[in-house]
Each structure stands twice: as structure tokens, then as C-alpha cells.
Amino acid sequence: MALLAYLTSCSKPIHGRYYSNGECFLIEWLEVYPDNTADIKYRALPEEFNVPCEIRDDTVVVVKERNRTWYWVYRNDTLKEGMHIDYPNCRLVKKRR
């Protein structure tokens with residue numbers, strides 16, 4: 001479903017797949033879609049999860065899971081984890097296509 005929305009709607013620079021910089025303990029990658037959903041992949045789990053997200057001012061991605069809310073700040077194709085749920089140096093870098 002998220003893929004269909006991705007293909008049929010306009011994409012912003014913040015949309016795309018971001019991979020851990022190696023400093024993240026929990027997160028392996030995060031993909032942000034134009035339909036206000038995100039796929040999140042944890043290192044310890046074999047599958048990814050699709051969760052609702054919100055993009056604020058084209059610079060903050062809010063990912064809402066059942067047990068927690070992630071705040072990611074976007075800058076220069078990098079997402080920095082804002083609440084330090086994972087690790088203070090955790091950053092996700094956008095995959096180049």
C-alpha cells in the first residue's frame with residue numbers, strides 16, 4: 001500500500017530510505033513515504049513494520065508506534081534521532097538511488 005502511494009504522489013526531499021550510520025543500537029533503517037507512513041526496521045527483528053508518521057515543516061519526521069514516538073530531524077539527507085531513545089549519536093543516512 002505504501003509503495004502504491006509512493007508511486008502515485010509527489011515526493012519531497014525528506015521521503016526515502018535512511019540507513020543507520022553504525023551508531024544506532026535499535027534501528028537498522030527507516031523509510032518515509034509520501035502517504036504519511038513509514039517502514040521501520042529494528043536490528044533485532046527479522047521483519048519491518050509500517051507505522052503512521054507525520055512530517056512537520058519538512059524538517060521533522062514523527063514516527064508513532066504503539067509503545068513509543070520517535071522524533072527524527074532532517075538535514076542534508078540525514079535523520080538525527082531527536083529524543084535519544086536509541087543512542088545520542090544515532091543518525092540515519094539517506095540511500096542514494
# chains A, B, ... in the order shown; residues from 1 in each chain; ligands from 1
$ select_by_dssp --residues "chain A" --states "strand (DSSP E)" --output "PyMOL selection string"
chain A and resi 16-20+27-32+37-42+48-56+60-64+69-75+78-81+91-94
$ write_last_selection --atoms "N, CA and C atoms" --output "short mmCIF file (atom, residue, chain, number, x, y, z; two decimals), in the first residue's frame"
data_model
loop_
_atom_site.label_atom_id
_atom_site.label_comp_id
_atom_site.auth_asym_id
_atom_site.auth_seq_id
_atom_site.Cartn_x
_atom_site.Cartn_y
_atom_site.Cartn_z
N GLY A 16 12.13 8.83 1.49
CA GLY A 16 13.16 7.90 1.04
C GLY A 16 13.59 6.97 2.17
N ARG A 17 14.58 6.15 1.87
CA ARG A 17 15.08 5.18 2.84
C ARG A 17 16.38 5.68 3.45
N TYR A 18 16.46 5.55 4.76
CA TYR A 18 17.61 6.01 5.54
C TYR A 18 18.18 4.82 6.31
N TYR A 19 19.50 4.66 6.25
CA TYR A 19 20.17 3.55 6.93
C TYR A 19 20.97 4.06 8.12
N SER A 20 21.12 3.21 9.11
CA SER A 20 21.90 3.55 10.30
C SER A 20 23.34 3.88 9.94
N ILE A 27 17.76 0.74 15.67
CA ILE A 27 17.24 0.92 14.32
C ILE A 27 18.26 0.50 13.26
N GLU A 28 17.77 -0.27 12.29
CA GLU A 28 18.61 -0.63 11.14
C GLU A 28 18.35 0.34 9.98
N TRP A 29 17.07 0.57 9.69
CA TRP A 29 16.71 1.55 8.67
C TRP A 29 15.30 2.05 8.89
N LEU A 30 14.99 3.17 8.20
CA LEU A 30 13.67 3.79 8.25
C LEU A 30 13.36 4.31 6.85
N GLU A 31 12.16 4.04 6.35
CA GLU A 31 11.76 4.58 5.06
C GLU A 31 10.51 5.42 5.25
N VAL A 32 10.55 6.66 4.75
CA VAL A 32 9.46 7.61 4.89
C VAL A 32 8.76 7.74 3.54
N THR A 37 3.19 7.43 6.02
CA THR A 37 3.53 6.21 6.73
C THR A 37 5.04 6.03 6.62
N ALA A 38 5.55 5.16 7.46
CA ALA A 38 6.98 4.86 7.43
C ALA A 38 7.16 3.38 7.72
N ASP A 39 8.13 2.77 7.06
CA ASP A 39 8.56 1.42 7.41
C ASP A 39 9.75 1.58 8.33
N ILE A 40 9.71 0.86 9.44
CA ILE A 40 10.82 0.92 10.40
C ILE A 40 11.33 -0.50 10.60
N LYS A 41 12.65 -0.66 10.55
CA LYS A 41 13.27 -1.98 10.69
C LYS A 41 14.22 -1.94 11.88
N TYR A 42 13.90 -2.78 12.87
CA TYR A 42 14.75 -2.90 14.05
C TYR A 42 15.82 -3.96 13.81
N GLU A 48 10.13 -5.76 8.95
CA GLU A 48 9.92 -4.34 9.19
C GLU A 48 8.44 -4.11 9.51
N PHE A 49 8.14 -2.93 10.05
CA PHE A 49 6.78 -2.58 10.43
C PHE A 49 6.39 -1.29 9.75
N ASN A 50 5.14 -1.22 9.27
CA ASN A 50 4.63 0.01 8.69
C ASN A 50 3.84 0.73 9.78
N VAL A 51 4.20 1.99 10.02
CA VAL A 51 3.59 2.77 11.10
C VAL A 51 3.23 4.15 10.58
N PRO A 52 2.27 4.82 11.25
CA PRO A 52 1.94 6.18 10.83
C PRO A 52 3.08 7.15 11.15
N CYS A 53 3.20 8.18 10.34
CA CYS A 53 4.19 9.22 10.62
C CYS A 53 3.62 10.57 10.23
N GLU A 54 4.28 11.59 10.68
CA GLU A 54 3.87 12.96 10.38
C GLU A 54 5.14 13.74 10.03
N ILE A 55 5.05 14.59 9.03
CA ILE A 55 6.19 15.42 8.66
C ILE A 55 5.84 16.86 9.01
N ARG A 56 6.64 17.44 9.87
CA ARG A 56 6.40 18.81 10.34
C ARG A 56 7.41 19.76 9.71
N VAL A 60 11.02 17.69 10.34
CA VAL A 60 10.87 16.76 11.47
C VAL A 60 9.93 15.63 11.06
N VAL A 61 10.39 14.40 11.23
CA VAL A 61 9.57 13.23 10.98
C VAL A 61 9.19 12.64 12.34
N VAL A 62 7.89 12.55 12.60
CA VAL A 62 7.39 11.97 13.84
C VAL A 62 6.82 10.60 13.50
N VAL A 63 7.42 9.55 14.04
CA VAL A 63 7.00 8.17 13.78
C VAL A 63 6.34 7.65 15.05
N LYS A 64 5.07 7.27 14.91
CA LYS A 64 4.29 6.86 16.07
C LYS A 64 4.06 5.36 16.06
N THR A 69 7.17 7.08 20.55
CA THR A 69 7.13 8.03 19.44
C THR A 69 8.55 8.50 19.18
N TRP A 70 8.99 8.34 17.94
CA TRP A 70 10.31 8.77 17.50
C TRP A 70 10.21 10.15 16.88
N TYR A 71 11.18 11.01 17.17
CA TYR A 71 11.30 12.31 16.52
C TYR A 71 12.64 12.33 15.78
N TRP A 72 12.58 12.47 14.46
CA TRP A 72 13.77 12.50 13.63
C TRP A 72 13.87 13.87 12.98
N VAL A 73 15.01 14.52 13.08
CA VAL A 73 15.23 15.83 12.49
C VAL A 73 16.01 15.65 11.18
N TYR A 74 15.44 16.16 10.09
CA TYR A 74 16.02 16.01 8.75
C TYR A 74 16.92 17.19 8.43
N ARG A 75 18.11 16.87 7.93
CA ARG A 75 19.05 17.90 7.46
C ARG A 75 20.09 17.24 6.56
N THR A 78 20.10 13.48 6.03
CA THR A 78 20.37 12.73 7.26
C THR A 78 19.24 12.95 8.24
N LEU A 79 18.83 11.89 8.94
CA LEU A 79 17.87 11.99 10.03
C LEU A 79 18.61 11.79 11.34
N LYS A 80 18.51 12.76 12.22
CA LYS A 80 19.12 12.66 13.56
C LYS A 80 18.00 12.38 14.54
N GLU A 81 18.20 11.36 15.37
CA GLU A 81 17.19 10.95 16.33
C GLU A 81 17.11 11.99 17.45
N ARG A 91 22.26 8.35 13.82
CA ARG A 91 21.83 9.09 12.65
C ARG A 91 21.51 8.09 11.54
N LEU A 92 20.54 8.46 10.73
CA LEU A 92 20.18 7.64 9.59
C LEU A 92 20.51 8.43 8.34
N VAL A 93 21.24 7.82 7.43
CA VAL A 93 21.70 8.49 6.22
C VAL A 93 20.90 7.97 5.03
N LYS A 94 20.44 8.91 4.19
CA LYS A 94 19.60 8.56 3.06
C LYS A 94 20.35 7.75 2.02
#
$ atom_distance --atom1 "CA of Glu47 (chain A)" --atom2 "CA of Thr59 (chain A)"
27.1 Å
$ atom_distance --atom1 "CA of Ser11 (chain A)" --atom2 "CA of Asp57 (chain A)"
14.7 Å
$ residues_around --residues "region 86-88 of chain A" --least-positions-apart "2" --cutoff "8 Å" --atoms "only C-alpha atoms" --output "JSON, numbers by chain"
{"A": [23, 24, 25, 26, 27, 81, 84, 90]}
$ write_last_selection --atoms "C-alpha atoms" --output "PDB file, in the first residue's frame"
ATOM      1  CA  GLU A  23      25.951   4.187  15.859  1.00  0.00           C
ATOM      2  CA  CYS A  24      22.305   3.130  16.237  1.00  0.00           C
ATOM      3  CA  PHE A  25      21.599   0.332  18.679  1.00  0.00           C
ATOM      4  CA  LEU A  26      17.926  -0.328  17.845  1.00  0.00           C
ATOM      5  CA  ILE A  27      17.243   0.924  14.324  1.00  0.00           C
ATOM      6  CA  GLU A  81      17.187  10.947  16.332  1.00  0.00           C
ATOM      7  CA  HIS A  84      17.738   9.907  22.184  1.00  0.00           C
ATOM      8  CA  CYS A  90      22.311   7.677  16.123  1.00  0.00           C
TER       9      CYS A  90
END
$ closest_residue --among "A:Gly22, A:Ile14, A:Asp77, A:Ala44" --to "Asp58 (chain A)" --atoms "only C-alpha atoms"
A:Ile14
$ atom_distance --atom1 "CA of Lys12 (chain A)" --atom2 "CA of Asn67 (chain A)"
27.9 Å
$ decode --residues "region 15-61 of chain A" --atoms "C-alpha atoms" --output "mmCIF file, in the first residue's frame"
data_model
loop_
_atom_site.group_PDB
_atom_site.id
_atom_site.type_symbol
_atom_site.label_atom_id
_atom_site.label_comp_id
_atom_site.auth_asym_id
_atom_site.auth_seq_id
_atom_site.Cartn_x
_atom_site.Cartn_y
_atom_site.Cartn_z
ATOM 1 C CA HIS A 15 10.967 10.954 1.561
ATOM 2 C CA GLY A 16 13.157 7.899 1.041
ATOM 3 C CA ARG A 17 15.077 5.176 2.842
ATOM 4 C CA TYR A 18 17.613 6.005 5.538
ATOM 5 C CA TYR A 19 20.171 3.553 6.931
ATOM 6 C CA SER A 20 21.896 3.546 10.302
ATOM 7 C CA ASN A 21 25.293 5.225 10.469
ATOM 8 C CA GLY A 22 26.524 2.313 12.585
ATOM 9 C CA GLU A 23 25.951 4.187 15.859
ATOM 10 C CA CYS A 24 22.305 3.130 16.237
ATOM 11 C CA PHE A 25 21.599 0.332 18.679
ATOM 12 C CA LEU A 26 17.926 -0.328 17.845
ATOM 13 C CA ILE A 27 17.243 0.924 14.324
ATOM 14 C CA GLU A 28 18.605 -0.628 11.137
ATOM 15 C CA TRP A 29 16.711 1.554 8.672
ATOM 16 C CA LEU A 30 13.668 3.790 8.254
ATOM 17 C CA GLU A 31 11.758 4.575 5.058
ATOM 18 C CA VAL A 32 9.461 7.610 4.893
ATOM 19 C CA TYR A 33 6.630 7.598 2.314
ATOM 20 C CA PRO A 34 4.525 10.438 0.864
ATOM 21 C CA ASP A 35 1.329 8.872 2.275
ATOM 22 C CA ASN A 36 2.429 9.701 5.847
ATOM 23 C CA THR A 37 3.534 6.206 6.725
ATOM 24 C CA ALA A 38 6.980 4.858 7.432
ATOM 25 C CA ASP A 39 8.556 1.421 7.412
ATOM 26 C CA ILE A 40 10.816 0.918 10.400
ATOM 27 C CA LYS A 41 13.273 -1.983 10.692
ATOM 28 C CA TYR A 42 14.750 -2.897 14.051
ATOM 29 C CA ARG A 43 18.093 -4.706 14.195
ATOM 30 C CA ALA A 44 16.812 -7.498 16.451
ATOM 31 C CA LEU A 45 13.650 -8.285 14.476
ATOM 32 C CA PRO A 46 13.511 -10.100 11.114
ATOM 33 C CA GLU A 47 10.658 -8.020 9.607
ATOM 34 C CA GLU A 48 9.917 -4.345 9.192
ATOM 35 C CA PHE A 49 6.781 -2.582 10.431
ATOM 36 C CA ASN A 50 4.634 0.007 8.692
ATOM 37 C CA VAL A 51 3.592 2.768 11.104
ATOM 38 C CA PRO A 52 1.943 6.182 10.831
ATOM 39 C CA CYS A 53 4.189 9.217 10.622
ATOM 40 C CA GLU A 54 3.875 12.963 10.379
ATOM 41 C CA ILE A 55 6.190 15.417 8.658
ATOM 42 C CA ARG A 56 6.398 18.810 10.339
ATOM 43 C CA ASP A 57 7.763 21.833 8.477
ATOM 44 C CA ASP A 58 9.620 19.495 6.063
ATOM 45 C CA THR A 59 12.308 19.026 8.741
ATOM 46 C CA VAL A 60 10.871 16.761 11.466
ATOM 47 C CA VAL A 61 9.568 13.226 10.983
#
